[in-house]
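Enquirer: So that we are looking at the same thing, I have put the structure below in structure tokens.
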Amino acid sequence: MPKPSDLLQGTLDLLILRVLAREAAHGWAISKRIQLLSGDVLSVGQGSLYPALYRLEHQGWITAEWKDSDLGRSAKVYSLTREGRKQLDRELKIWQRLSSAVQLLIDNA
Amino acid sequence: MRLARIAIHRLRSLLRSSREETEMQQELSQHIEQLTSEYIATGMSEADARSAARREFGSVEVIKEQCRDMRRVTMVQDVAKDLAYAGRLFTKSPGFTLTAVLSLALGIGANTAIFTLVNAVLLRMLPVREPAELVEVSREGGLAISYGVYEAIRDRNEVFSGVLLTSAGRWGVSLSAGAVNAGDIHFSPVSGNYFAVLGVSPVLGRLLTDDDLPASSAAVISYQLWQRVFAGNPGALGRTLRMGRRNYTVIGVAPAGFTGVGMGQTIDIWVPITWFEPRYLRGNEASMFRTLARRKPGVTLEHVRADMTLIARQLDSEWRLERPMRLAVANGSGGLTRLRRQFARPLWIVMTVVALLLLIATVNVANLLLARAGARRREMAVRLSLGASRWRLIRQLLTESALLGGAGGALGLLLAPIAAASLVRFLSSAMGTMNLSLNFDGRILAFTLTTSLIVVVLFGLAPALAATRLDLTGMFKGSAAAGSGDRRARPGKWLVVAQVAISCVLLAGAILFARSLRTLTHLDAGFRPENVLLLAVGLEPGKPRTDVEAVRIYDRVVERLMHAPGVQSAAFSSESLFSGSSWTEPVTAPTFVPQPGQERDAVLLVISPQFFETMRTGLLRGRRFDARDDQRAAKVAIVNEASARYYFGDTDALDQTFQLGYPAGPPTRVVGVVQDAKYKSLKDPAPRIVYLPALQVPGPVGNPSLAIRTTGDPQRMADLLWTEAHNEVADLRWRGAGTQAQLVDGTIAQDRMLAQLSGAFGLTANLRNRSTACARRTADRRHSPDRRSLHDPRHNRRAHRSRRGRSARAPGGKSAVRCPER
């Protein structure tokens with residue numbers, strides 16, 4: 001299982017933004033969903049997740065709120081802002097260019 | 001929107017950091033609990049699950065720290081922590097803090113004060129439209145121009161959009177408006193286009209135009225005068241002002257900031273240039289005007305110079321001038337340049353001196369900080385070893401410096417206005433009255449801020465680098481040198497060298513100024529200025545009398561004064577020596593054939609017979625004037641050595657004849673030769689002077705200056721002697737009193753000022769070296785527990801406790817660092 005540091009630089013941001021684009025979630029749920037939606041391939045360590053969340057919040061792409069949650073008590077729930085949505089689009093484009101370029105190289109090399 | 005959110009977010013992180021901390025803790029522990037319950041679900045016992053969850057999660061503190069870093073408000077928090085820590089440190093050593101802050105405050109305050117003056121005198125622009133377009137055209141050397149030259153510049157130039165004319169100086173007159181006596185004011189006659197060229201608009205009424213010239217009865221008053229005399233009442237318009245013997249009608253009020261075009265020479269009233277008699281307003285006779293011109297857009301100073309050179313050449317050939325006319329062009333954005341030129345040199349010198357003084361203060365503080373840095377090596381070492389970066393420690397030390405510099409700068413800013421005001425008084429007494437508006441503006445604030453900042457970096461950086469350049473291994477092995485003893489000494493040594501060097505420069509400067517002052521004051525002026533009272537007098541108008549009759553009256557006054565108690569001798573003359581004004585005429589003599597362009601003029605001084613005796617100017621040959629030299633006798637004159645040499649060469653000047661004036665007047669015979677006497681300045685050689693007897697040339701002595709040599713302090717006898725004179729002639733009018741010594745002193749006031757200021761500063765610098773050397777020794781002693789700790793561990797413990805007891809939490813590492821109590 002790849003460690004988060006093996007993820008390409010900036011990919012973690014993309015994953016978090018993409019997960020939050022579907023619906024707001026707290027930190028635990030985000031890490032679970034990344035694992036789940038990637039078919040248990042990707043797992044984000046807590047040591048990377050929370051600093052990344054704080055960074056994204058600091059940059060204004062996500063915003064946090066204390067809400068009642070499925071954990072049975074109030075939890076810090078993150079949701080995407082309008083700017084975050086735009087940022088997600090940008091990151092997706094970059095990712096697609098990057099991955100198709102890598103694929104191209106693998107196919108043709 | 002995003003920016004706003006970010007700003008709010010960051011502000012909240014900053015202000016509610018403790019709440020954020022709690023929330024962070026809560027969020028992370030929830031995560032751990034979820035992990036735990038997952039493990040429990042796989043069948044682990046709760047204790048095992050909990051420890052497994054913790055293992056998987058990793059170090060909570062590290063993650064927290066990473067999260068904190070992500071918020072990027074740590075910088076601000078760090079600065080706040082550093083400031084608080086620095087504040088605690090400084091309050092614990094008030095002696096050091098006081099010394100440092102006070103010397104910085106004095107240095108920065110002095111610099112700000114002088115800069116306020118530099119700003120007001122040299123940098124400030126006129127409050128007019130596009131001041132940068134203005135230039136001043138003067139004769140070479142910054143001399144005033146004649147009306148003819150003005151006309152030529154105005155009518156022939158191709159580079160100006162407008163050329164204005166103003167009187168070269170300002171006139172003082174007593175003003176009354178109706179029954180109100182408004183006291184003495186200053187006015188200046190100006191051309192009709194004066195305000196139009198400057199682009200100044202009135203706050204009330206209208207300003208002067210060319211239509212006002214023929215009648216010469218319109219006057220524009222300054223905003224200040226309007227407020228002072230008319231209390232800002234619009235009814236001032238149309239009021240009649242009585243200025244001396246003439247009446248003017250107020251037609252408008254100039255805007256508030258506008259006080260004329262001469263630096264330090266505030267104008268209260270502007271009147272049409274036709275205030276001058278018509279004979280001054282034509283030709284090249286009277287050079288008593290100054291001109292400012294506005295460049296057309298795109299015209300450079302070089303263009304202007306070329307154009308003015310052309311005009312000067314034309315005037316040369318048209319007027320057949322003896323000496324070629326040269327016109328100088330200077331930037332006029334700050335107004336007329338004469339006074340600025342005069343003040344520029346002393347101001348820059350004083351500015352340099354105070355800058356050096358500040359540099360010494362800086363070095364002093366650096367030295368003190370360095371001593372402290374030595375004592376704080378252990379603290380630094382502990383923090384470095386706990387993982388604080390060196391940059392982080394340097395930042396902490398620089399914050400401490402900034403706090404010192406900030407306090408010094410703020411205090412200096414408070415001191416500056418007081419210092420500046422007293423400096424202006426000092427300068428005024430030295431160089432004639434100045435009205436400077438010492439407004440505090442953005443430029444001064446920027447100057448002080450920049451200065452303080454530079455100072456902080458200068459005195460803060462070296463000690464900070466020295467304190468953090470540590471050999472940790474050596475430090476903790478407890479080696480005697482504690483790692484950096486020798487390295488620390490190096491910048492310290494350089495600082496001392498710099499300090500001594502700058503002090504030496506200051507002292508040497510002070511000694512030079514003092515020496516040149518001493519030379520000047522011990523110079524033989526050719527007369528003895530001590531104990532001579534000068535009374536400027538006139539006669540009340542009313543009784544018709546001829547000039548000769550007036551001279552006879554002054555003769556009577558002098559006769560009476562000579563017999564007054566305490567008086568050695570008395571005389572009168574058309575001007576007093578060193579009064580600054582002079583009357584010159586060309587001399588024609590058979591023995592004198594001037595080369596083209598050679599100077600022909602001599603200074604003329606009309607005197608009463610007792611003048612040389614009173615001034616103690618030695619007669620070398622021939623005789624003095626006496627009662628025989630009256631209006632009926634043949635014209636006679638006495639010349640000084642300089643004149644005798646210049647006009648008569650090797651031939652004996654005695655009994656030679658010459659003519660004065662252009663065209664030449666009647667032949668005049670030399671009856672005496674006197675020693676040279678300085679006339680305007682102690683520094684310049686004595687000019688050629690021709691003395692004429694008052695009875696033969698009575699016109700210029702209509703308002704003479706009485707010179708009375710007294711046995712005691714002349715100043716204290718002024719009232720007594722005035723009463724004596726007034727008792728003799730009831731018509732006598734008082735125009736002022738002073739002493740000859742004051743007049744002579746006035747001309748070397750600039751030198752005296754420089755000598756005094758540089759002397760005071762040089763002394764301050766050296767005293768301060770002494771005092772900080774003491775302070776540093778004390779600081780060394782107080783702050784070196786390390787050295788003693790080698791022998792006495794108990795002492796060390798105590799020292800540590802007393803120094804850090806309260807401030808155990810020192811900012812530095814990313815997590816708070818606790819200084820260990822060994």
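Every chain in the structure tokens has a letter given in the order shown (A, B, ...), and although residue numbers restart at 1 in each chain, ligands are simply numbered from 1 in the order shown.
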Which chain A residues are at most 7 Å from chain B (counting only C-alpha atoms), as a VMD selection string?

Expert: chain A and resid 28 46 to 47 50 to 51 54 to 55 58 to 60 75 to 76 83

Enquirer: What parts of segment 535-693 of chain B does DSSP call strand (DSSP E)? I'd like the answer as a PyMOL selection string.

Expert: chain B and resi 535-539+567-573+583-588+601-607+619-622+636-640+657-660+668-674+689-693

Enquirer: Rounded to one decimal in Å, what is the spacing between atom CA of Ser643 of chain B and atom CA of Arg688 of chain B?

Expert: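 Computed distance, atom CA of Ser643 of chain B to atom CA of Arg688 of chain B, equals 4.5 Å.
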
Enquirer: From segment 306-474 of chain B, collect each residue whose DSSP state is helix (DSSP H, G or I) and return the set as a PyMOL selection string.

Expert: chain B and resi 306-319+338-375+377-385+390-431+442-468+472-474

Enquirer: Please indicate the distance in Å from atom CA of Ala215 of chain B to atom CA of Met243 of chain B, rounded to one decimal place.

Expert: 15.6 Å

Enquirer: Which residues are close to segment 140-144 of chain B, i.e. within 6 Å by only C-alpha atoms, leaving aside same-chain residues fewer than 4 positions away? Reply as a list in words.

Expert: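 These residues fall inside the cut-off: Ser287, Met288, Phe289, Arg290, Arg326, Leu327 and Ala328 of chain B.
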
Enquirer: Residues at most 12 Å from Lys32 of chain A, counting only C-alpha atoms, excluding those fewer than 6 positions away in the same chain, as a list in words?

Expert: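 Near Lys32 of chain A, the qualifying residues are Leu15, Ile16, Val19, Ala25, His26, Ser38, Gly39, Asp40, Val41, Leu42, Ser43, Val44, Gly45, Gln46 and Leu49 of chain A; His31, Gln34, Leu35 and Glu38 of chain B.
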
Enquirer: Give me the residues within 9 Å of Leu692 of chain B as a list in words, counting only C-alpha atoms and dropping any in the same chain fewer than 4 places off.

Expert: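 Result of the neighbour search: Leu604, Leu605, Val606, Ile607, Ser608, Phe625, Lys635, Val636, Ala637, Ile638, Val639, Gln696 and Val697 of chain B.
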
Enquirer: Could the residues in this selection be written to a file with N, CA, C and O atoms, as a compact mmCIF listing (two decimals), in the first residue's frame?

Expert:
```
# COMPACT_ATOMS: atom_id res chain seq x y z
N LEU B 604 32.29 103.91 -0.87
CA LEU B 604 32.32 105.27 -0.33
C LEU B 604 31.68 105.29 1.05
O LEU B 604 30.64 104.68 1.28
N LEU B 605 32.35 105.99 1.95
CA LEU B 605 31.83 106.09 3.31
C LEU B 605 31.92 107.56 3.70
O LEU B 605 33.00 108.14 3.67
N VAL B 606 30.78 108.15 4.02
CA VAL B 606 30.77 109.56 4.42
C VAL B 606 30.85 109.60 5.93
O VAL B 606 30.07 108.95 6.62
N ILE B 607 31.84 110.38 6.47
CA ILE B 607 32.09 110.32 7.91
C ILE B 607 32.23 111.72 8.51
O ILE B 607 32.48 112.69 7.81
N SER B 608 32.06 111.77 9.81
CA SER B 608 32.34 113.01 10.53
C SER B 608 33.82 112.97 10.95
O SER B 608 34.44 111.91 10.94
N PHE B 625 39.90 114.57 8.58
CA PHE B 625 39.00 115.68 8.23
C PHE B 625 38.89 116.60 9.42
O PHE B 625 39.04 116.18 10.58
N LYS B 635 37.01 120.02 -2.66
CA LYS B 635 36.63 118.65 -2.32
C LYS B 635 37.86 117.85 -1.89
O LYS B 635 38.89 117.87 -2.57
N VAL B 636 37.72 117.16 -0.75
CA VAL B 636 38.83 116.34 -0.27
C VAL B 636 38.34 114.94 0.08
O VAL B 636 37.13 114.71 0.23
N ALA B 637 39.29 114.05 0.22
CA ALA B 637 38.94 112.67 0.58
C ALA B 637 40.11 112.03 1.30
O ALA B 637 41.25 112.49 1.19
N ILE B 638 39.82 110.99 2.07
CA ILE B 638 40.86 110.16 2.67
C ILE B 638 40.69 108.76 2.11
O ILE B 638 39.56 108.28 1.98
N VAL B 639 41.79 108.14 1.73
CA VAL B 639 41.68 106.79 1.15
C VAL B 639 42.37 105.79 2.06
O VAL B 639 43.24 106.16 2.85
N GLN B 696 30.77 117.97 3.02
CA GLN B 696 30.89 118.12 1.57
C GLN B 696 29.96 117.18 0.82
O GLN B 696 29.57 117.47 -0.30
N VAL B 697 29.63 116.06 1.43
CA VAL B 697 28.71 115.10 0.80
C VAL B 697 27.59 114.80 1.79
O VAL B 697 27.53 113.70 2.35
```

Enquirer: Which residue gives the smallest distance to Arg22 of chain A among A:Arg73, A:Arg97, A:Arg85, A:Lys67, with only C-alpha atoms counted?

Expert: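 Counting only C-alpha atoms, the residue closest to Arg22 of chain A is A:Arg85.
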
Enquirer: Between atom CA of Ala132 of chain B and atom CA of Arg340 of chain B, what is the spacing in Å?

Expert: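 Between these atoms lies a distance of 16.2 Å.
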
Enquirer: For Ala498 of chain B, find every residue with an atom within 9 Å (counting only C-alpha atoms), except residues of its own chain fewer than 4 positions away, and show them as a VMD selection string.

Expert: chain B and resid 360 363 493 to 494 502 to 503

Enquirer: Just checking: using only C-alpha atoms, which residue out of B:Leu757, B:Val603, B:Leu241, B:Leu654 ends up closest to Gly622 of chain B?

Expert: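 The shortest atom-to-atom distance to Gly622 of chain B comes from B:Leu654.
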
Enquirer: Residues within 12 Å of Gly298 of chain B, please, as a CSV table (one decimal) with C-alpha atoms, in the first residue's frame. Count only C-alpha atoms; anything in the same chain fewer than 3 positions from it doesn't count.

Expert:
```csv
chain,number,residue,atom,x,y,z
B,132,ALA,CA,9.2,71.7,-10.6
B,133,GLU,CA,8.7,73.9,-13.7
B,159,VAL,CA,11.7,78.9,-23.2
B,160,PHE,CA,9.4,80.3,-20.6
B,161,SER,CA,5.6,80.5,-20.4
B,294,ARG,CA,8.1,79.0,-15.5
B,295,ARG,CA,9.5,76.7,-18.1
B,301,LEU,CA,17.4,73.4,-17.7
B,302,GLU,CA,20.0,73.1,-20.5
B,303,HIS,CA,17.7,74.7,-23.0
B,304,VAL,CA,17.1,77.5,-20.5
```
